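Novice: This is the structure, below, for whatever I ask next.
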Amino acid sequence: MQVIILPTPNDVAQYAANSVVDVVTENTNSILGLATGSTPIALYDELVSRCRAGLLSFKNTKTFNLDEYIGISECHEQSYRAFMNRHLFNLVDINPANTYVPLADSLDPEVLTRNAKAYESEIERSGGIDLQILGIGVNGHIGFNEPTSSFASRTRIKTLSKSTVEANKRFFIKGEFQPHLAITMGIGTILESRAILLMATGKGKAQAVKDMIEGPLTSMCPASVLQQHKKSIVILDEEAASLLSLKEYYLWCEEKRQQLHEGNLL
C-alpha cells in the first residue's frame with residue numbers, strides 16, 4: 001500500500017486527477033471504477049476542467065460505479081446515477097452508453113439479484129477495471145461493503161449500517177423515503193481492479209484511515225483489505241492522516257520514491 005500525504009483536500013484531488021489522466025491517456029479504451037460521496041466531487045470538478053480545456057477525453061472510456069441505492073428511481077436527485085450525471089457524465093465527452101451504475105429501482109429481490117449478477121458479468125465482459133476510485137466511510141466501509149462484509153463478496157444486495165444511514169440522512173428531505181439497502185460491488189470485485197486509488201480528507205475520516213493502514217486485516221474495517229492489493233494507493237490530506245502512528249515514515253517513503261523516480265537518490 002502506497003500512502004501519500006498532501007497538505008490540502010485540493011492537493012488530494014489534483015493528485016487523483018493526474019492518476020486518472022495517466023490511465024485514460026495510456027489506454028484509450030480504459031475502464032474506470034467510480035465512487036460517489038463528498039470526497040470525489042473535487043476530483044470530478046478537476047476532470048471536467050481538464051476535459052473542457054482539451055487536456056483529456058473520455059470518448060472511449062467506460063465507467064462502472066460502485067453502488068446504487070435500492071428503491072429510488074435513477075432520476076431521483078439522490079440516486080447515484082443522478083449524482084454522476086450532475087458531477088461528471090453530463091459535463092464531459094463520455095458516451096452515456098458507456099456509463100454503468102447498478103440498476104436498483106426495483107423492490108423485487110429476484111430482480112435486484114439478477115441485476116447485481118448482470119452488473120458483475122458486464123464488468124467481466126468489459127475486461128475488468130483498470131483503476132478503481134474509492135472513498136472510505138467513517139466505519140471503514142468501501143463501496144457499501146459495511147463491517148463484517150466478506151473479502152470474497154461479489155456485487156450484491158447489501159444492508160446499510162445505521163451509522164451510514166445517519167451519515168447520509170442530510171441528503172434527504174425530512175420525511176422523505178431514505179433507502180436502507182443498496183446494490184454494491186463486492187470486496188472481491190473491487191480487489192480484481194488492476195489498480196486502486198482511495199481518497200480520504202478531513203478529521204472525520206482519520207480513525208478509519210488509521211484502522212485501514214495500520215490496523216489488522218479485518219472485515220470489521222473492510223478497507224483494510226487494501227493492504228493485500230498489489231497496487232493500492234491511498235491519498236490523504238493532513239487532517240485525514242493526523243492519527244497515523246507512522247506518518248513521518250510515510251512522508252519519508254514518498255520523498256525517497258520521488259527521488260528514485262527522478263534519478264536523484266544519491
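Starting from 1 in every chain, residues are counted up; chains themselves are A, B, ... following the order of the C-alpha cells, and ligands are numbered from 1 as listed.
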Using DSSP secondary structure from the backbone, list all strand (DSSP E or B) positions within region 25-191 of chain A, as a list in words.
Specialist: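 Taking region 25-191 of chain A and keeping strand (DSSP E or B) only, one gets Ile31, Leu32, Gly33, Leu34, Lys62, Thr63, Phe64, Asn65, Asp67, Glu68, Tyr69, Thr99, Tyr100, Leu131, Gln132, Ile133, Leu134, Ile142, Asn145, Arg156, Ile157, Lys158, Thr159, Leu181, Ala182, Ile183 and Thr184 of chain A.
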Novice: To one decimal place in Å, what is the distance between CA of Thr28 (chain A) and CA of Leu55 (chain A)?
Specialist: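 Pair CA of Thr28 (chain A) / CA of Leu55 (chain A) returns 13.6 Å.
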Novice: Could you tell me how far CA of Asp130 (chain A) lies from CA of Asn95 (chain A), in Å and to one decimal?
Specialist: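 Distance between the two atoms: 18.0 Å.
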Novice: Could you name the residues that touch region 206-221 of chain A at 10 Å or less, counting only C-alpha atoms, but leaving out those on the same chain fewer than 6 positions away, as a PyMOL selection string?
Specialist: chain A and resi 1-3+136-142+145-151+199-200+227-228+234+236-247
Novice: Keeping only N, CA, C and O atoms, write the selected residues as a compact mmCIF listing (two decimals), in the first residue's frame.
Specialist:
# COMPACT_ATOMS: atom_id res chain seq x y z
N MET A 1 0.84 -1.19 0.00
CA MET A 1 0.00 0.00 0.00
C MET A 1 0.88 1.25 0.00
O MET A 1 1.72 1.42 0.88
N GLN A 2 0.69 2.09 -1.00
CA GLN A 2 1.44 3.35 -1.07
C GLN A 2 0.61 4.44 -0.40
O GLN A 2 -0.54 4.67 -0.77
N VAL A 3 1.17 5.10 0.59
CA VAL A 3 0.47 6.12 1.35
C VAL A 3 1.06 7.49 0.99
O VAL A 3 2.26 7.72 1.17
N ILE A 136 -13.75 6.28 1.69
CA ILE A 136 -13.85 5.41 2.86
C ILE A 136 -14.88 5.98 3.82
O ILE A 136 -14.92 7.19 4.06
N GLY A 137 -15.74 5.12 4.35
CA GLY A 137 -16.72 5.56 5.33
C GLY A 137 -16.09 5.69 6.71
O GLY A 137 -15.00 5.17 6.97
N VAL A 138 -16.77 6.38 7.61
CA VAL A 138 -16.23 6.56 8.96
C VAL A 138 -16.09 5.23 9.69
O VAL A 138 -15.31 5.11 10.64
N ASN A 139 -16.82 4.21 9.24
CA ASN A 139 -16.68 2.87 9.84
C ASN A 139 -15.78 1.96 9.01
O ASN A 139 -15.73 0.75 9.24
N GLY A 140 -15.08 2.54 8.05
CA GLY A 140 -14.13 1.77 7.25
C GLY A 140 -14.72 1.10 6.03
O GLY A 140 -14.04 0.32 5.36
N HIS A 141 -15.98 1.40 5.69
CA HIS A 141 -16.57 0.72 4.53
C HIS A 141 -16.01 1.28 3.23
O HIS A 141 -15.61 2.44 3.14
N ILE A 142 -15.97 0.42 2.21
CA ILE A 142 -15.65 0.82 0.84
C ILE A 142 -16.80 0.36 -0.04
O ILE A 142 -17.29 -0.74 0.11
N ASN A 145 -19.83 -1.85 1.24
CA ASN A 145 -19.42 -3.05 1.95
C ASN A 145 -19.17 -2.67 3.41
O ASN A 145 -18.09 -2.19 3.77
N GLU A 146 -20.20 -2.85 4.22
CA GLU A 146 -20.14 -2.46 5.62
C GLU A 146 -19.28 -3.44 6.43
O GLU A 146 -18.94 -4.53 5.94
N PRO A 147 -18.89 -3.07 7.67
CA PRO A 147 -18.14 -4.00 8.51
C PRO A 147 -18.79 -5.38 8.59
O PRO A 147 -20.02 -5.49 8.64
N THR A 148 -17.98 -6.39 8.55
CA THR A 148 -18.28 -7.84 8.51
C THR A 148 -18.48 -8.34 7.09
O THR A 148 -18.71 -9.54 6.90
N SER A 149 -18.40 -7.47 6.08
CA SER A 149 -18.54 -7.94 4.69
C SER A 149 -17.41 -8.90 4.34
O SER A 149 -16.25 -8.70 4.73
N SER A 150 -17.74 -9.93 3.61
CA SER A 150 -16.74 -10.91 3.20
C SER A 150 -15.76 -10.31 2.21
O SER A 150 -16.15 -9.59 1.29
N PHE A 151 -14.48 -10.64 2.39
CA PHE A 151 -13.47 -10.18 1.45
C PHE A 151 -13.62 -10.86 0.08
O PHE A 151 -13.03 -10.42 -0.89
N MET A 199 -9.21 7.88 -1.79
CA MET A 199 -9.06 9.26 -1.34
C MET A 199 -9.76 9.44 0.00
O MET A 199 -10.87 8.95 0.20
N ALA A 200 -9.10 10.17 0.91
CA ALA A 200 -9.73 10.48 2.20
C ALA A 200 -9.26 11.85 2.66
O ALA A 200 -8.07 12.16 2.61
N GLN A 227 -4.59 -3.53 2.09
CA GLN A 227 -3.22 -3.91 2.47
C GLN A 227 -2.72 -5.07 1.61
O GLN A 227 -1.51 -5.23 1.42
N GLN A 228 -3.64 -5.86 1.08
CA GLN A 228 -3.26 -7.04 0.31
C GLN A 228 -3.27 -6.82 -1.20
O GLN A 228 -2.89 -7.71 -1.94
N VAL A 234 -3.20 5.16 -1.41
CA VAL A 234 -4.07 5.89 -0.51
C VAL A 234 -3.59 7.34 -0.46
O VAL A 234 -2.44 7.61 -0.12
N LEU A 236 -4.15 11.08 1.09
CA LEU A 236 -4.73 11.70 2.28
C LEU A 236 -4.34 13.16 2.38
O LEU A 236 -3.25 13.55 1.95
N ASP A 237 -5.22 13.96 2.98
CA ASP A 237 -4.78 15.28 3.38
C ASP A 237 -4.26 15.19 4.82
O ASP A 237 -4.32 14.13 5.45
N GLU A 238 -3.71 16.29 5.32
CA GLU A 238 -3.09 16.28 6.64
C GLU A 238 -4.06 15.87 7.74
O GLU A 238 -3.70 15.14 8.66
N GLU A 239 -5.30 16.32 7.64
CA GLU A 239 -6.26 16.00 8.69
C GLU A 239 -6.62 14.52 8.69
O GLU A 239 -6.70 13.90 9.75
N ALA A 240 -6.82 13.94 7.52
CA ALA A 240 -7.15 12.51 7.45
C ALA A 240 -5.99 11.65 7.92
O ALA A 240 -6.19 10.53 8.40
N ALA A 241 -4.76 12.17 7.80
CA ALA A 241 -3.56 11.42 8.20
C ALA A 241 -3.15 11.70 9.64
O ALA A 241 -2.14 11.16 10.12
N SER A 242 -3.92 12.50 10.36
CA SER A 242 -3.48 13.03 11.65
C SER A 242 -3.29 11.98 12.74
O SER A 242 -2.56 12.21 13.70
N LEU A 243 -3.94 10.82 12.64
CA LEU A 243 -3.82 9.80 13.68
C LEU A 243 -2.83 8.69 13.34
O LEU A 243 -2.62 7.78 14.14
N LEU A 244 -2.18 8.77 12.19
CA LEU A 244 -1.26 7.72 11.78
C LEU A 244 -0.01 7.72 12.66
O LEU A 244 0.65 8.75 12.82
N SER A 245 0.32 6.57 13.21
CA SER A 245 1.50 6.45 14.08
C SER A 245 2.79 6.62 13.29
O SER A 245 3.78 7.14 13.81
N LEU A 246 2.79 6.19 12.04
CA LEU A 246 4.00 6.20 11.22
C LEU A 246 3.91 7.27 10.13
O LEU A 246 4.49 7.11 9.05
N LYS A 247 3.24 8.35 10.41
CA LYS A 247 3.05 9.42 9.42
C LYS A 247 4.37 9.91 8.86
O LYS A 247 4.52 10.06 7.63
Novice: Nearest residue to Ser224 (chain A) out of A:Ala17, A:Leu131, A:Leu198, A:Leu260, using only C-alpha atoms?
Specialist: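 Among the listed residues, A:Leu198 lies closest to Ser224 (chain A).
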Novice: Find the distance between CA of Ala35 (chain A) and CA of Pro102 (chain A) and write it in Å to one decimal.
Specialist: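 Answer for the CA of Ala35 (chain A) to CA of Pro102 (chain A) separation: 12.3 Å.
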Novice: Compare A:Glu26, A:Glu68, A:Asp11, A:Glu254 by their minimum atom-to-atom distance to Leu160 (chain A), counting only C-alpha atoms, and give me the closest one.
Specialist: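 Looking at the shortest contact to Leu160 (chain A), the residue is A:Glu68.
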Novice: Could you pull out the residues in region 67-250 of chain A that DSSP calls helix (DSSP H, G or I) from the backbone, as number ranges by chain?
Specialist: A: 80-87, 89-91, 96-98, 109-125, 162-171, 187-191, 203-214, 222-228, 247-250
Novice: Just checking: using only C-alpha atoms, which residue out of A:Phe89, A:Phe171, A:Phe64, A:Tyr15 ends up closest to Thr189 (chain A)?
Specialist: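 Counting only C-alpha atoms, the residue closest to Thr189 (chain A) is A:Phe64.
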Novice: Find the residues around Asp93 (chain A) up to 10 Å (only C-alpha atoms counted), leave out those fewer than 6 positions away in its own chain, and share them as an NGL selection string.
Specialist: :A and (48 or 51-52 or 56-61)
Novice: Could you please take those selected residues and save N, CA and C atoms as a JSON list (two decimals), in the first residue's frame?
Specialist:
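So the final result, stored in out-v9.json, reads:
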[["chain", "number", "residue", "atom", "x", "y", "z"],
["A", 48, "VAL", "N", -13.46, 17.53, -15.11],
["A", 48, "VAL", "CA", -14.31, 18.32, -16.01],
["A", 48, "VAL", "C", -13.52, 19.50, -16.56],
["A", 51, "CYS", "N", -11.04, 18.30, -19.15],
["A", 51, "CYS", "CA", -11.72, 17.88, -20.38],
["A", 51, "CYS", "C", -12.14, 19.10, -21.19],
["A", 52, "ARG", "N", -12.69, 20.11, -20.53],
["A", 52, "ARG", "CA", -13.13, 21.30, -21.23],
["A", 52, "ARG", "C", -11.97, 22.10, -21.80],
["A", 56, "LEU", "N", -7.97, 16.33, -21.90],
["A", 56, "LEU", "CA", -8.44, 14.99, -21.54],
["A", 56, "LEU", "C", -9.70, 14.67, -22.33],
["A", 57, "SER", "N", -9.84, 13.41, -22.72],
["A", 57, "SER", "CA", -11.06, 12.97, -23.40],
["A", 57, "SER", "C", -11.51, 11.63, -22.84],
["A", 58, "PHE", "N", -12.82, 11.51, -22.66],
["A", 58, "PHE", "CA", -13.42, 10.26, -22.18],
["A", 58, "PHE", "C", -14.21, 9.56, -23.28],
["A", 59, "LYS", "N", -13.95, 9.91, -24.54],
["A", 59, "LYS", "CA", -14.76, 9.39, -25.64],
["A", 59, "LYS", "C", -14.76, 7.87, -25.72],
["A", 60, "ASN", "N", -13.64, 7.25, -25.38],
["A", 60, "ASN", "CA", -13.54, 5.79, -25.48],
["A", 60, "ASN", "C", -13.45, 5.11, -24.12],
["A", 61, "THR", "N", -13.77, 5.86, -23.08],
["A", 61, "THR", "CA", -13.68, 5.33, -21.72],
["A", 61, "THR", "C", -15.01, 4.73, -21.29]]
Novice: Nearest to His229 (chain A): which of A:Glu192, A:Glu120, A:Glu110, A:Glu74 is it, counting only C-alpha atoms?
Specialist: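 The answer is A:Glu192, which sits nearest to His229 (chain A).
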Novice: Let me make sure I understand: among A:Thr63, A:Ser19, A:Thr8, A:Gln258, which one has the smallest atom-to-atom distance to Leu197 (chain A) if we use only C-alpha atoms?
Specialist: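 Nearest candidate to Leu197 (chain A) out of A:Thr63, A:Ser19, A:Thr8, A:Gln258: A:Ser19.
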Novice: If we count only C-alpha atoms and set the cut-off at 12 Å, which residues sit around Tyr100 (chain A), ignoring sequence neighbours fewer than 4 positions away in its own chain? Please answer as a count of residues only.
Specialist: 31
Novice: Skipping near chain neighbours, those fewer than 2 positions away, what residues fall within 9 Å of Lys158 (chain A) using only C-alpha atoms, listed as a list of chain:residue names?
Specialist: A:Phe144, A:Asn145, A:Glu146, A:Arg156, A:Leu160, A:His180, A:Leu181, A:Ala182, A:Ile183, A:Thr184
Novice: Go ahead and save the picked residues with C-alpha atoms, as a PDB file, in the first residue's frame.
Specialist:
ATOM      1  CA  PHE A 144     -21.387  -0.102   0.578  1.00  0.00           C
ATOM      2  CA  ASN A 145     -19.423  -3.048   1.953  1.00  0.00           C
ATOM      3  CA  GLU A 146     -20.137  -2.457   5.623  1.00  0.00           C
ATOM      4  CA  ARG A 156     -24.926  -7.973  -4.389  1.00  0.00           C
ATOM      5  CA  LEU A 160     -26.552  -0.263   5.108  1.00  0.00           C
ATOM      6  CA  HIS A 180     -31.545   1.410   3.841  1.00  0.00           C
ATOM      7  CA  LEU A 181     -30.441  -1.053   1.159  1.00  0.00           C
ATOM      8  CA  ALA A 182     -28.146  -0.812  -1.855  1.00  0.00           C
ATOM      9  CA  ILE A 183     -26.585  -2.843  -4.630  1.00  0.00           C
ATOM     10  CA  THR A 184     -22.831  -2.637  -4.277  1.00  0.00           C
TER      11      THR A 184
END
